[in-house]
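Undergrad: Let me begin by handing over the structure; questions about it come next.
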Amino acid sequence: MNYLLPSEYEQFGLETATPEAWAAAASALIDAHCRRSSLAVTQYVEQHRVSPDRNLVHLTYLPLAAVTPAVNPIVAIRGRYGASLLRRGEFQGDMAHDVSKAFSLTGTWTNIDPAAVDFDVNTGEVSLPLNVLAIAYNEVEITYTAGLAEIPDEVKFSCSQIVRNAQATPALNVRSGRLDRMKLDYFADSLVDSSARKMLAPYVAQRIG
């Protein structure tokens, strides 16, 4: 999607005659820099290993955001059973071990109710519910939605800055009306300059763990 509309060009420092294709190209460079398909609300699927001593994971794309009419950004979640959380020799540990062994639960996947999951929309931290038998999940697959419901001004300013940088780059013939994506990618480091990077920093996806 274009992060800067023609009606906003003048407000954010661009000439009104600027071809819309340049805003589209700048928006694509923003997506690439932020390591995501879009800054708008998008659905993602991720698999994460779970540390048994923490029982939580961190999602990559932020902020978490539900898509109306849903109220939960966690669309679906399933976990793969690992070993019992408790040591053999404790009563509950004995029961969990026996049940896990009898039904061959270790290594199998089970659906988890998204409503039972605690999450932080800003940090992407997801806390998994405790299993009644204390059988740990060693891996989870989470389908969730995340992104910006409204594109903030700093993203619009960065889009405008990238277009201006392209217009000031002699090797990019902005008068031709033809965009060469390979050429844009080649100049990406100079087009997405330090000021644009600073404005986009909160939206760069980073995998934790």
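We label chains A, B, ... in the order they appear in the structure tokens, count residues from 1 in each chain, and number ligands from 1 in the order shown.
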Which residues are near Pro63 (chain A)? Cut-off 6 Å, only C-alpha atoms, ignore same chain within fewer than 3 positions. Put them as a list in words.

TA: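 Here the answer would be Val121, Asn122, Ala146 and Gly147 of chain A.
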
Undergrad: Pull the strand (DSSP E or B) assignments for chain A out of DSSP run on the backbone, and list those residues as number ranges by chain.

TA: A: 40, 42-49, 56-58, 64, 74-84, 88, 90, 109-112, 118-119, 125-127, 135-146, 148

Undergrad: Store the residues picked out above in a file with N, CA and C atoms, as a compact mmCIF listing (two decimals), in the first residue's frame.

TA:
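Result file is part08.txt:
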```txt
# COMPACT_ATOMS: atom_id res chain seq x y z
N ALA A 40 0.56 -1.97 7.47
CA ALA A 40 -0.86 -2.06 7.80
C ALA A 40 -1.14 -3.39 8.50
N THR A 42 -1.87 -6.93 9.17
CA THR A 42 -1.66 -8.09 8.30
C THR A 42 -1.65 -9.34 9.16
N GLN A 43 -2.06 -10.47 8.57
CA GLN A 43 -2.04 -11.74 9.31
C GLN A 43 -0.72 -12.46 9.08
N TYR A 44 -0.16 -13.00 10.17
CA TYR A 44 1.11 -13.71 10.13
C TYR A 44 0.95 -15.08 10.80
N VAL A 45 1.83 -15.99 10.41
CA VAL A 45 1.91 -17.31 11.06
C VAL A 45 3.37 -17.53 11.44
N GLU A 46 3.63 -17.84 12.71
CA GLU A 46 4.98 -18.06 13.18
C GLU A 46 5.06 -19.30 14.06
N GLN A 47 6.21 -19.95 14.00
CA GLN A 47 6.49 -21.05 14.92
C GLN A 47 7.63 -20.62 15.84
N HIS A 48 7.48 -20.93 17.12
CA HIS A 48 8.48 -20.55 18.11
C HIS A 48 8.78 -21.73 19.02
N ARG A 49 10.05 -21.88 19.37
CA ARG A 49 10.43 -22.82 20.42
C ARG A 49 10.09 -22.21 21.76
N LEU A 56 6.72 -18.82 27.66
CA LEU A 56 6.26 -17.68 26.88
C LEU A 56 7.13 -17.51 25.64
N VAL A 57 6.57 -16.78 24.66
CA VAL A 57 7.30 -16.49 23.42
C VAL A 57 7.07 -15.03 23.07
N HIS A 58 7.88 -14.51 22.16
CA HIS A 58 7.72 -13.14 21.67
C HIS A 58 7.42 -13.18 20.17
N LEU A 64 0.51 -5.79 18.04
CA LEU A 64 -0.58 -6.72 17.80
C LEU A 64 -1.87 -5.93 17.66
N ILE A 74 -4.86 -12.75 18.46
CA ILE A 74 -4.45 -14.15 18.31
C ILE A 74 -5.59 -14.89 17.60
N VAL A 75 -5.37 -15.23 16.35
CA VAL A 75 -6.41 -15.88 15.55
C VAL A 75 -6.50 -17.37 15.88
N ALA A 76 -5.35 -18.02 15.97
CA ALA A 76 -5.30 -19.46 16.29
C ALA A 76 -3.94 -19.76 16.88
N ILE A 77 -3.91 -20.78 17.73
CA ILE A 77 -2.64 -21.19 18.34
C ILE A 77 -2.69 -22.68 18.63
N ARG A 78 -1.62 -23.35 18.37
CA ARG A 78 -1.51 -24.76 18.74
C ARG A 78 -0.11 -25.01 19.29
N GLY A 79 -0.03 -25.96 20.19
CA GLY A 79 1.24 -26.26 20.83
C GLY A 79 1.61 -27.72 20.67
N ARG A 80 2.91 -27.98 20.69
CA ARG A 80 3.40 -29.36 20.63
C ARG A 80 3.89 -29.76 22.00
N TYR A 81 3.38 -30.86 22.50
CA TYR A 81 3.74 -31.32 23.84
C TYR A 81 5.20 -31.74 23.92
N GLY A 82 5.83 -31.31 25.01
CA GLY A 82 7.16 -31.78 25.32
C GLY A 82 7.11 -32.72 26.51
N ALA A 83 8.15 -32.70 27.32
CA ALA A 83 8.19 -33.56 28.50
C ALA A 83 7.46 -32.89 29.66
N SER A 84 7.16 -33.67 30.70
CA SER A 84 6.50 -33.13 31.88
C SER A 84 7.35 -32.05 32.53
N ARG A 88 10.17 -36.67 37.75
CA ARG A 88 9.68 -38.01 38.08
C ARG A 88 9.90 -38.25 39.57
N GLU A 90 7.56 -37.01 41.84
CA GLU A 90 6.51 -36.20 42.45
C GLU A 90 5.19 -36.74 41.97
N TRP A 109 0.71 -32.39 18.50
CA TRP A 109 0.20 -31.02 18.50
C TRP A 109 -1.23 -30.98 19.01
N THR A 110 -1.57 -29.92 19.73
CA THR A 110 -2.93 -29.74 20.24
C THR A 110 -3.33 -28.28 20.10
N ASN A 111 -4.59 -28.04 19.84
CA ASN A 111 -5.09 -26.67 19.73
C ASN A 111 -5.21 -26.04 21.11
N ILE A 112 -4.89 -24.75 21.19
CA ILE A 112 -5.00 -23.99 22.43
C ILE A 112 -6.03 -22.89 22.20
N ASP A 118 -2.50 -15.00 27.40
CA ASP A 118 -2.22 -13.61 27.77
C ASP A 118 -1.18 -13.04 26.81
N PHE A 119 -1.36 -11.78 26.42
CA PHE A 119 -0.43 -11.17 25.47
C PHE A 119 -0.31 -9.68 25.74
N GLU A 125 4.76 -10.10 23.66
CA GLU A 125 4.98 -11.23 24.57
C GLU A 125 3.68 -12.01 24.73
N VAL A 126 3.76 -13.31 24.54
CA VAL A 126 2.61 -14.21 24.66
C VAL A 126 2.90 -15.23 25.75
N SER A 127 2.05 -15.25 26.78
CA SER A 127 2.20 -16.21 27.88
C SER A 127 1.22 -17.36 27.66
N ILE A 135 2.22 -30.81 31.57
CA ILE A 135 2.98 -31.25 30.40
C ILE A 135 3.32 -29.99 29.59
N ALA A 136 4.58 -29.75 29.41
CA ALA A 136 5.03 -28.50 28.78
C ALA A 136 4.82 -28.53 27.27
N TYR A 137 4.67 -27.34 26.70
CA TYR A 137 4.74 -27.18 25.25
C TYR A 137 6.18 -26.82 24.91
N ASN A 138 6.77 -27.53 23.97
CA ASN A 138 8.13 -27.17 23.57
C ASN A 138 8.18 -26.40 22.26
N GLU A 139 7.02 -26.24 21.61
CA GLU A 139 6.93 -25.46 20.39
C GLU A 139 5.49 -25.01 20.18
N VAL A 140 5.30 -23.82 19.65
CA VAL A 140 3.95 -23.34 19.35
C VAL A 140 3.92 -22.77 17.95
N GLU A 141 2.74 -22.85 17.34
CA GLU A 141 2.47 -22.20 16.06
C GLU A 141 1.35 -21.21 16.30
N ILE A 142 1.61 -19.94 16.03
CA ILE A 142 0.64 -18.88 16.33
C ILE A 142 0.26 -18.14 15.05
N THR A 143 -1.04 -18.05 14.81
CA THR A 143 -1.57 -17.22 13.73
C THR A 143 -2.12 -15.96 14.38
N TYR A 144 -1.65 -14.81 13.94
CA TYR A 144 -2.05 -13.57 14.60
C TYR A 144 -2.07 -12.41 13.62
N THR A 145 -2.69 -11.31 14.02
CA THR A 145 -2.74 -10.11 13.19
C THR A 145 -1.99 -8.98 13.91
N ALA A 146 -1.25 -8.22 13.12
CA ALA A 146 -0.45 -7.14 13.70
C ALA A 146 -0.24 -6.06 12.65
N LEU A 148 -0.46 -1.45 11.84
CA LEU A 148 -0.97 -0.13 12.19
C LEU A 148 -2.34 0.09 11.53
```

Undergrad: With a distance cut-off of 12 Å and only C-alpha atoms, select the neighbouring residues of Ala188 (chain A), excluding the residue or stretch itself and same-chain residues fewer than 6 positions from it, and output the selection as a ChimeraX atom specification.

TA: /A:25-33,162-163,165-166,169,172,181-182,194,196-197

Undergrad: Under the rule that only C-alpha atoms are counted, which of A:Asn55, A:Phe187, A:Ala149, A:Ser158 is the nearest residue to Pro129 (chain A)?

TA: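 The closest residue to Pro129 (chain A) is A:Asn55.
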
Undergrad: Applying 7 Å and only C-alpha atoms, which residues near Pro6 (chain A) remain after dropping the ones on its own chain fewer than 3 positions away? List them as a VMD selection string.

TA: chain A and resid 9 16 20

Undergrad: Store the residues picked out above in a file with N, CA, C and O atoms, as a compact mmCIF listing (two decimals), in the first residue's frame.

TA:
```
# COMPACT_ATOMS: atom_id res chain seq x y z
N TYR A 9 0.51 15.10 -0.33
CA TYR A 9 1.85 15.45 -0.80
C TYR A 9 2.31 16.80 -0.27
O TYR A 9 3.41 16.93 0.28
N THR A 16 2.79 18.66 -5.63
CA THR A 16 1.52 17.98 -5.93
C THR A 16 1.58 17.20 -7.24
O THR A 16 0.81 16.27 -7.45
N GLU A 20 2.41 9.35 -8.59
CA GLU A 20 2.02 8.47 -7.48
C GLU A 20 2.91 7.23 -7.40
O GLU A 20 3.10 6.66 -6.33
```

Undergrad: Might you pull out every residue within 9 Å of region 153-155 of chain A, with only C-alpha atoms counted and same-chain residues fewer than 6 positions away left off, and present them as a list in words?

TA: Tyr3, Leu4, Phe12, Ile30, Ala196, Met199 and Leu200 of chain A

Undergrad: Per DSSP on the backbone, what are the alpha helix (DSSP H) residues of region 8-49 of chain A, as a PyMOL selection string?

TA: chain A and resi 20-33

Undergrad: With only C-alpha atoms as the atoms that count, which of A:Tyr203, A:Ser190, A:Pro114, A:Cys159 lies nearest to Met1 (chain A)?

TA: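 Nearest candidate to Met1 (chain A) out of A:Tyr203, A:Ser190, A:Pro114, A:Cys159: A:Cys159.
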
Undergrad: Kindly give the distance, in Å, that separates CA of Glu8 (chain A) and CA of Ala21 (chain A), rounded to a single decimal.

TA: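 So the answer is 14.5 Å.
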
Undergrad: Rank A:Leu39, A:Ala115, A:Val192, A:Leu5 by their smallest atom-to-atom distance to Ala70 (chain A), using only C-alpha atoms, and report the top residue only.

TA: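 That would be A:Ala115, the residue with the smallest distance to Ala70 (chain A).
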
Undergrad: Tell me, in Å to one decimal, how far CA of Leu130 (chain A) is from CA of Val71 (chain A).

TA: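 Distance between the two atoms: 22.6 Å.
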
Undergrad: Given only C-alpha atoms as the basis, pick out the residue of A:Gly107, A:Ala66, A:Pro152, A:Arg164 nearest to Thr18 (chain A).

TA: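 Going through A:Gly107, A:Ala66, A:Pro152, A:Arg164 one by one, the smallest distance to Thr18 (chain A) is for A:Arg164.
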